[in-house]
Amino acid sequence: MPVLLLNASMQPLNVISRRRLVVLLTKERVAFFDDGVRASMEAELEQRRLGEGVIVVRLLRNVTIPRRMIRANRRNLLLRDAHTCQYCGVQAAPFELTIDHVVPVSRGGSSNSWENQVVACRRCNGRKANHLPEEVHLRLARPPRPVVHEYAHLLLMRHPEVRGAYEDLMRSVLPLVGDDSRRPSSADRTAAWPQLS
Ligand SMILES: [Zn+2]
């Protein structure tokens, strides 16, 4: 039974264990979205039986996501760049892809920043070698950016089992697109919500 923990702002923070959920509940730091879920969760805890399905809870107070939580490592770069070579656009299995330093480390490029690393297929990486992209007529599909604001996106890609529950919840609490009458403050709050495209 995965537990998806949301920030008070509704942004997904983490997938936590049932044990961690109990701790957060004891400390009164999280809330359920409806009383029915809370009641069945409490019943499960009493009977010590494992429930089915995804539980979504929300922190009562917002926490700031520290930037250091999201490292520009190979796994996260593959997720950011959608397993796609940023030079030729080919999509491939992870083992067929490499991480390219846009400005080669030997020429002063950063070895571990989001901005200087992109996913590249072996062919493009071989062609690029110790050059700048323009020197070998390669062009980046898009400027490499940190994923600070896409943390939720990464989290849901890593935990596809909770994605459906999260999207269902968003549909039930989000006003329909273009229908501002149902929730006047939606425009302000939507800005803080993750992009799920
Ligand atoms: Zn390529």
# chains A, B, ... in the order shown; residues from 1 in each chain; ligands from 1

$ residues_near_ligand --ligand "ligand 1" --cutoff "10 Å" --atoms "only C-alpha atoms and all ligand atoms" --output "PDB file with C-alpha atoms, in the first residue's frame"
ATOM      1  CA  THR A  84      15.986  11.152 -25.587  1.00  0.00           C
ATOM      2  CA  CYS A  85      19.255  12.205 -27.182  1.00  0.00           C
ATOM      3  CA  GLN A  86      19.312  15.970 -26.900  1.00  0.00           C
ATOM      4  CA  TYR A  87      21.215  16.308 -30.159  1.00  0.00           C
ATOM      5  CA  CYS A  88      19.474  14.042 -32.667  1.00  0.00           C
ATOM      6  CA  GLY A  89      16.206  13.323 -30.853  1.00  0.00           C
ATOM      7  CA  VAL A  90      16.460   9.546 -30.867  1.00  0.00           C
ATOM      8  CA  GLN A  91      14.724   7.858 -27.956  1.00  0.00           C
ATOM      9  CA  ALA A  92      16.436   4.766 -26.599  1.00  0.00           C
ATOM     10  CA  LEU A  97      22.305   6.367 -23.806  1.00  0.00           C
ATOM     11  CA  THR A  98      25.194   8.335 -22.378  1.00  0.00           C
ATOM     12  CA  VAL A 119      21.436  12.795 -22.482  1.00  0.00           C
ATOM     13  CA  ALA A 120      23.108  11.804 -25.747  1.00  0.00           C
ATOM     14  CA  CYS A 121      23.057   8.661 -27.845  1.00  0.00           C
ATOM     15  CA  ARG A 122      26.394   6.924 -28.321  1.00  0.00           C
ATOM     16  CA  ARG A 123      26.643   8.108 -31.891  1.00  0.00           C
ATOM     17  CA  CYS A 124      26.203  11.806 -31.065  1.00  0.00           C
ATOM     18  CA  ASN A 125      28.445  11.556 -28.018  1.00  0.00           C
ATOM     19  CA  GLY A 126      31.148   9.944 -30.136  1.00  0.00           C
ATOM     20  CA  ARG A 127      30.837  12.648 -32.735  1.00  0.00           C
ATOM     21  CA  LYS A 128      30.930  15.387 -30.150  1.00  0.00           C
ATOM     22  CA  LEU A 138      25.395  19.626 -33.271  1.00  0.00           C
TER      23      LEU A 138
END

$ residues_around --residues "stretch 20-36 of chain A" --least-positions-apart "5" --cutoff "6 Å" --atoms "only C-alpha atoms" --output "PyMOL selection string"
chain A and resi 57-60

$ select_by_dssp --residues "chain A" --states "helix (DSSP H, G or I)" --output "number ranges by chain"
A: 18-26, 35-47, 67-69, 74-80, 94-96, 105-107, 122-128, 133-136, 148-158, 160-173, 180-182, 186-190

$ write_last_selection --atoms "C-alpha atoms" --output "PDB file, in the first residue's frame"
ATOM      1  CA  ARG A  18       3.119   2.964   6.033  1.00  0.00           C
ATOM      2  CA  ARG A  19       5.280   3.177   9.150  1.00  0.00           C
ATOM      3  CA  ARG A  20       6.278   6.748   8.307  1.00  0.00           C
ATOM      4  CA  LEU A  21       2.637   7.615   7.750  1.00  0.00           C
ATOM      5  CA  VAL A  22       1.779   6.395  11.231  1.00  0.00           C
ATOM      6  CA  VAL A  23       4.528   8.614  12.676  1.00  0.00           C
ATOM      7  CA  LEU A  24       3.250  11.648  10.772  1.00  0.00           C
ATOM      8  CA  LEU A  25      -0.309  10.921  11.892  1.00  0.00           C
ATOM      9  CA  THR A  26       0.785  10.602  15.500  1.00  0.00           C
ATOM     10  CA  ASP A  35     -13.058  11.110   6.278  1.00  0.00           C
ATOM     11  CA  GLY A  36     -13.864   7.783   4.649  1.00  0.00           C
ATOM     12  CA  VAL A  37     -10.221   7.150   3.799  1.00  0.00           C
ATOM     13  CA  ARG A  38      -9.160   8.182   7.282  1.00  0.00           C
ATOM     14  CA  ALA A  39     -11.698   5.873   8.919  1.00  0.00           C
ATOM     15  CA  SER A  40     -10.683   2.858   6.850  1.00  0.00           C
ATOM     16  CA  MET A  41      -7.016   3.616   7.465  1.00  0.00           C
ATOM     17  CA  GLU A  42      -7.611   3.725  11.213  1.00  0.00           C
ATOM     18  CA  ALA A  43      -9.511   0.454  11.043  1.00  0.00           C
ATOM     19  CA  GLU A  44      -6.648  -1.144   9.112  1.00  0.00           C
ATOM     20  CA  LEU A  45      -4.153   0.052  11.689  1.00  0.00           C
ATOM     21  CA  GLU A  46      -6.216  -1.410  14.499  1.00  0.00           C
ATOM     22  CA  GLN A  47      -6.593  -4.746  12.765  1.00  0.00           C
ATOM     23  CA  ARG A  67      17.457  21.973  -4.038  1.00  0.00           C
ATOM     24  CA  ARG A  68      20.026  19.395  -2.977  1.00  0.00           C
ATOM     25  CA  MET A  69      17.300  16.743  -3.012  1.00  0.00           C
ATOM     26  CA  ARG A  74      22.383   9.877 -14.533  1.00  0.00           C
ATOM     27  CA  ARG A  75      19.013   8.559 -13.409  1.00  0.00           C
ATOM     28  CA  ASN A  76      17.512  12.023 -12.998  1.00  0.00           C
ATOM     29  CA  LEU A  77      19.037  13.302 -16.230  1.00  0.00           C
ATOM     30  CA  LEU A  78      17.472  10.388 -18.114  1.00  0.00           C
ATOM     31  CA  LEU A  79      14.102  11.308 -16.602  1.00  0.00           C
ATOM     32  CA  ARG A  80      14.496  15.021 -17.343  1.00  0.00           C
ATOM     33  CA  PRO A  94      18.942   3.662 -20.840  1.00  0.00           C
ATOM     34  CA  PHE A  95      21.846   1.348 -21.615  1.00  0.00           C
ATOM     35  CA  GLU A  96      22.085   2.819 -25.100  1.00  0.00           C
ATOM     36  CA  VAL A 105      35.056  18.976 -18.476  1.00  0.00           C
ATOM     37  CA  SER A 106      38.573  19.084 -19.942  1.00  0.00           C
ATOM     38  CA  ARG A 107      37.708  22.504 -21.348  1.00  0.00           C
ATOM     39  CA  ARG A 122      26.394   6.924 -28.321  1.00  0.00           C
ATOM     40  CA  ARG A 123      26.643   8.108 -31.891  1.00  0.00           C
ATOM     41  CA  CYS A 124      26.203  11.806 -31.065  1.00  0.00           C
ATOM     42  CA  ASN A 125      28.445  11.556 -28.018  1.00  0.00           C
ATOM     43  CA  GLY A 126      31.148   9.944 -30.136  1.00  0.00           C
ATOM     44  CA  ARG A 127      30.837  12.648 -32.735  1.00  0.00           C
ATOM     45  CA  LYS A 128      30.930  15.387 -30.150  1.00  0.00           C
ATOM     46  CA  PRO A 133      28.386  21.324 -29.973  1.00  0.00           C
ATOM     47  CA  GLU A 134      28.725  24.068 -32.601  1.00  0.00           C
ATOM     48  CA  GLU A 135      32.227  22.927 -33.510  1.00  0.00           C
ATOM     49  CA  VAL A 136      30.824  19.639 -34.810  1.00  0.00           C
ATOM     50  CA  VAL A 148      13.909  22.093  -9.299  1.00  0.00           C
ATOM     51  CA  HIS A 149      10.389  22.948 -10.444  1.00  0.00           C
ATOM     52  CA  GLU A 150       9.755  19.551 -11.950  1.00  0.00           C
ATOM     53  CA  TYR A 151      10.485  17.593  -8.825  1.00  0.00           C
ATOM     54  CA  ALA A 152       6.921  16.340  -8.634  1.00  0.00           C
ATOM     55  CA  HIS A 153       7.140  15.259 -12.242  1.00  0.00           C
ATOM     56  CA  LEU A 154      10.255  13.190 -11.516  1.00  0.00           C
ATOM     57  CA  LEU A 155       8.660  11.681  -8.438  1.00  0.00           C
ATOM     58  CA  LEU A 156       5.598  10.525 -10.350  1.00  0.00           C
ATOM     59  CA  MET A 157       7.750   9.054 -13.089  1.00  0.00           C
ATOM     60  CA  ARG A 158       9.713   7.114 -10.490  1.00  0.00           C
ATOM     61  CA  PRO A 160       4.033   5.213 -11.550  1.00  0.00           C
ATOM     62  CA  GLU A 161       1.924   3.225  -9.065  1.00  0.00           C
ATOM     63  CA  VAL A 162       0.818   6.434  -7.303  1.00  0.00           C
ATOM     64  CA  ARG A 163       0.379   8.572 -10.388  1.00  0.00           C
ATOM     65  CA  GLY A 164      -3.194   7.527 -11.105  1.00  0.00           C
ATOM     66  CA  ALA A 165      -4.320   8.253  -7.557  1.00  0.00           C
ATOM     67  CA  TYR A 166      -2.670  11.660  -7.676  1.00  0.00           C
ATOM     68  CA  GLU A 167      -4.248  12.581 -10.984  1.00  0.00           C
ATOM     69  CA  ASP A 168      -7.679  11.428  -9.799  1.00  0.00           C
ATOM     70  CA  LEU A 169      -7.279  13.591  -6.723  1.00  0.00           C
ATOM     71  CA  MET A 170      -6.221  16.595  -8.782  1.00  0.00           C
ATOM     72  CA  ARG A 171      -9.248  16.142 -11.012  1.00  0.00           C
ATOM     73  CA  SER A 172     -11.535  16.090  -8.000  1.00  0.00           C
ATOM     74  CA  VAL A 173     -10.075  19.172  -6.308  1.00  0.00           C
ATOM     75  CA  ASP A 180     -13.018  30.052 -12.535  1.00  0.00           C
ATOM     76  CA  SER A 181     -16.368  30.439 -10.827  1.00  0.00           C
ATOM     77  CA  ARG A 182     -15.960  27.255  -8.822  1.00  0.00           C
ATOM     78  CA  SER A 186      -7.422  28.785  -8.582  1.00  0.00           C
ATOM     79  CA  ALA A 187      -5.175  30.950 -10.754  1.00  0.00           C
ATOM     80  CA  ASP A 188      -2.846  31.735  -7.860  1.00  0.00           C
ATOM     81  CA  ARG A 189      -2.694  28.193  -6.608  1.00  0.00           C
ATOM     82  CA  THR A 190      -2.310  26.487  -9.956  1.00  0.00           C
TER      83      THR A 190
END

$ closest_residue --among "A:Pro144, A:Asn130, A:Val54, A:Arg61" --to "A:Asn116" --atoms "only C-alpha atoms"
A:Pro144

$ decode --residues "stretch 66-87 of chain A" --atoms "C-alpha atoms" --output "mmCIF file, in the first residue's frame"
data_model
loop_
_atom_site.group_PDB
_atom_site.id
_atom_site.type_symbol
_atom_site.label_atom_id
_atom_site.label_comp_id
_atom_site.auth_asym_id
_atom_site.auth_seq_id
_atom_site.Cartn_x
_atom_site.Cartn_y
_atom_site.Cartn_z
ATOM 1 C CA PRO A 66 15.673 21.725 -0.743
ATOM 2 C CA ARG A 67 17.457 21.973 -4.038
ATOM 3 C CA ARG A 68 20.026 19.395 -2.977
ATOM 4 C CA MET A 69 17.300 16.743 -3.012
ATOM 5 C CA ILE A 70 17.407 16.678 -6.760
ATOM 6 C CA ARG A 71 20.840 15.747 -7.999
ATOM 7 C CA ALA A 72 21.870 15.900 -11.603
ATOM 8 C CA ASN A 73 22.784 12.232 -11.620
ATOM 9 C CA ARG A 74 22.383 9.877 -14.533
ATOM 10 C CA ARG A 75 19.013 8.559 -13.409
ATOM 11 C CA ASN A 76 17.512 12.023 -12.998
ATOM 12 C CA LEU A 77 19.037 13.302 -16.230
ATOM 13 C CA LEU A 78 17.472 10.388 -18.114
ATOM 14 C CA LEU A 79 14.102 11.308 -16.602
ATOM 15 C CA ARG A 80 14.496 15.021 -17.343
ATOM 16 C CA ASP A 81 15.456 14.385 -20.942
ATOM 17 C CA ALA A 82 12.863 11.613 -21.363
ATOM 18 C CA HIS A 83 15.463 9.060 -22.490
ATOM 19 C CA THR A 84 15.986 11.152 -25.587
ATOM 20 C CA CYS A 85 19.255 12.205 -27.182
ATOM 21 C CA GLN A 86 19.312 15.970 -26.900
ATOM 22 C CA TYR A 87 21.215 16.308 -30.159
#
